[in-house]
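*Asks:* Structure provided below as structure tokens; questions to follow.
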Amino acid sequence: MERCASGATAAILVIIAGAACGGGESRFVGSWVGIRKLANEANMPTHIQNTLKPVNLEIKSDGTFKLEEYGIPSTGDVAYQANKALLTVKTQMNRALPPESEPKPLELEIGTDGTAKFRDPAGFDTSWVIMKRKEKQPGP
């Protein structure tokens, strides 16, 4: 009887541990939107602002992502580290990046308030962009 109880306890612990491991990554999955703050924005034409400011990110459960930033569509792979998703760009404008380019991963960090911070540490603008989950549109 003790052996049976120990086996059941072990099974429950394995299930809980498995849920805890996968649960962190699932927090990142979904669509995120943000608006970049630009220096000298007041002196910039509206059509340029409308291209440079929006950041749209979709993280998929299969470990890939789609991003549109600066009006450029990108795709790639996601790796997870603690409270951070590291996004490695593999394609831009539907073209594979050359293997020797080895871009530095983009970063997405989830906050305690349900928002996230996004940045490209090697990009044009390295400041953080506050991202919010995109609300799902009602289906037909």
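Letters for chains follow the order of the structure tokens (A, B, ...), residue numbers begin at 1 for each chain, and ligand numbers begin at 1 in the order shown.
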If we count only C-alpha atoms, what is near Val55 (chain A) at a cut-off of 7 Å, once residues fewer than 5 positions away on the same chain are taken out, given as a count of residues only?
*Replies:* 5
*Asks:* Taking the DSSP secondary structure from the backbone, can you list the residues of chain A that are alpha helix (DSSP H), as a PyMOL selection string?
*Replies:* chain A and resi 2-26+46-52
*Asks:* Write to file, as a short mmCIF file (atom, residue, chain, number, x, y, z; two decimals), in the first residue's frame, the residues of the selection just made, with N, CA and C atoms.
*Replies:*
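See selection_32.cif below for the written result:
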```
data_model
loop_
_atom_site.label_atom_id
_atom_site.label_comp_id
_atom_site.auth_asym_id
_atom_site.auth_seq_id
_atom_site.Cartn_x
_atom_site.Cartn_y
_atom_site.Cartn_z
N GLU A 2 1.95 1.27 0.83
CA GLU A 2 2.84 2.43 0.87
C GLU A 2 3.49 2.65 -0.48
N ARG A 3 3.86 1.55 -1.12
CA ARG A 3 4.50 1.64 -2.43
C ARG A 3 3.56 2.29 -3.44
N CYS A 4 2.29 1.95 -3.40
CA CYS A 4 1.30 2.52 -4.31
C CYS A 4 1.14 4.01 -4.06
N ALA A 5 1.09 4.41 -2.80
CA ALA A 5 0.96 5.82 -2.46
C ALA A 5 2.19 6.60 -2.91
N SER A 6 3.37 6.01 -2.72
CA SER A 6 4.60 6.67 -3.15
C SER A 6 4.62 6.84 -4.66
N GLY A 7 4.16 5.83 -5.38
CA GLY A 7 4.09 5.91 -6.84
C GLY A 7 3.13 7.00 -7.29
N ALA A 8 1.98 7.10 -6.63
CA ALA A 8 1.01 8.13 -6.97
C ALA A 8 1.57 9.52 -6.68
N THR A 9 2.25 9.66 -5.55
CA THR A 9 2.86 10.95 -5.20
C THR A 9 3.92 11.34 -6.23
N ALA A 10 4.73 10.38 -6.62
CA ALA A 10 5.77 10.65 -7.63
C ALA A 10 5.14 11.07 -8.95
N ALA A 11 4.06 10.41 -9.36
CA ALA A 11 3.39 10.76 -10.61
C ALA A 11 2.84 12.17 -10.57
N ILE A 12 2.24 12.54 -9.42
CA ILE A 12 1.70 13.89 -9.28
C ILE A 12 2.82 14.92 -9.35
N LEU A 13 3.94 14.66 -8.71
CA LEU A 13 5.07 15.59 -8.75
C LEU A 13 5.61 15.75 -10.17
N VAL A 14 5.66 14.68 -10.94
CA VAL A 14 6.12 14.76 -12.33
C VAL A 14 5.17 15.62 -13.15
N ILE A 15 3.87 15.45 -12.95
CA ILE A 15 2.88 16.25 -13.68
C ILE A 15 3.02 17.72 -13.33
N ILE A 16 3.16 18.02 -12.03
CA ILE A 16 3.31 19.42 -11.60
C ILE A 16 4.59 20.03 -12.16
N ALA A 17 5.68 19.29 -12.12
CA ALA A 17 6.95 19.79 -12.65
C ALA A 17 6.85 20.05 -14.14
N GLY A 18 6.19 19.17 -14.86
CA GLY A 18 6.02 19.36 -16.31
C GLY A 18 5.19 20.59 -16.61
N ALA A 19 4.13 20.79 -15.85
CA ALA A 19 3.30 21.97 -16.06
C ALA A 19 4.06 23.24 -15.75
N ALA A 20 4.88 23.21 -14.71
CA ALA A 20 5.67 24.40 -14.35
C ALA A 20 6.68 24.74 -15.42
N CYS A 21 7.31 23.74 -16.03
CA CYS A 21 8.31 24.00 -17.06
C CYS A 21 7.68 24.62 -18.30
N GLY A 22 6.57 24.07 -18.77
CA GLY A 22 5.92 24.58 -19.98
C GLY A 22 5.18 25.87 -19.74
N GLY A 23 4.75 26.10 -18.51
CA GLY A 23 3.92 27.26 -18.21
C GLY A 23 4.62 28.57 -18.46
N GLY A 24 5.92 28.64 -18.23
CA GLY A 24 6.65 29.88 -18.41
C GLY A 24 6.68 30.32 -19.86
N GLU A 25 6.91 29.38 -20.75
CA GLU A 25 6.98 29.72 -22.16
C GLU A 25 5.63 30.13 -22.72
N SER A 26 4.57 29.53 -22.24
CA SER A 26 3.24 29.83 -22.78
C SER A 26 2.83 31.27 -22.48
N THR A 46 4.30 62.48 -40.93
CA THR A 46 3.40 61.46 -40.38
C THR A 46 3.60 60.10 -41.02
N HIS A 47 3.78 60.05 -42.33
CA HIS A 47 3.92 58.74 -43.00
C HIS A 47 5.20 58.02 -42.56
N ILE A 48 6.23 58.76 -42.22
CA ILE A 48 7.46 58.14 -41.70
C ILE A 48 7.22 57.62 -40.28
N GLN A 49 6.55 58.42 -39.46
CA GLN A 49 6.20 57.98 -38.11
C GLN A 49 5.36 56.70 -38.15
N ASN A 50 4.39 56.67 -39.05
CA ASN A 50 3.50 55.51 -39.15
C ASN A 50 4.23 54.24 -39.59
N THR A 51 5.40 54.39 -40.19
CA THR A 51 6.21 53.24 -40.57
C THR A 51 7.15 52.82 -39.45
N LEU A 52 7.76 53.80 -38.79
CA LEU A 52 8.80 53.50 -37.79
C LEU A 52 8.27 53.18 -36.39
#
```
*Asks:* Report the residues of chain A whose backbone DSSP state falls under strand (DSSP E), written as a ChimeraX atom specification.
*Replies:* /A:30-35,54-59,64-69,72-81,84-92,95-96,106-110,116-119,129-133
*Asks:* Mind checking which residues fall within 7 Å of Leu106 (chain A), counting only C-alpha atoms, ignoring those fewer than 4 positions away in the same chain, and posting them as a VMD selection string?
*Replies:* chain A and resid 86 to 88 119 to 121
*Asks:* Using only C-alpha atoms, which residues sit within 12 Å of Glu102 (chain A) once same-chain residues fewer than 5 positions away are excluded, as a list in words?
*Replies:*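 Once the nearby chain positions are removed, what remains is Thr88, Val89, Lys90, Thr91, Ala96, Leu97 and Ala122 of chain A.
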*Asks:* Given the choices A:Pro54, A:Pro99, A:Gly76, A:Gly111, which gets closest to Arg27 (chain A) if the distance is worked out from only C-alpha atoms?
*Replies:*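 Closest candidate: A:Gly111.
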*Asks:* Ranking A:Tyr80, A:Trp32, A:Phe124, A:Phe118 by minimum distance to Lys66 (chain A) and counting only C-alpha atoms, which one comes first?
*Replies:*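 Once distances to Lys66 (chain A) are computed over only C-alpha atoms, the minimum belongs to A:Trp32.
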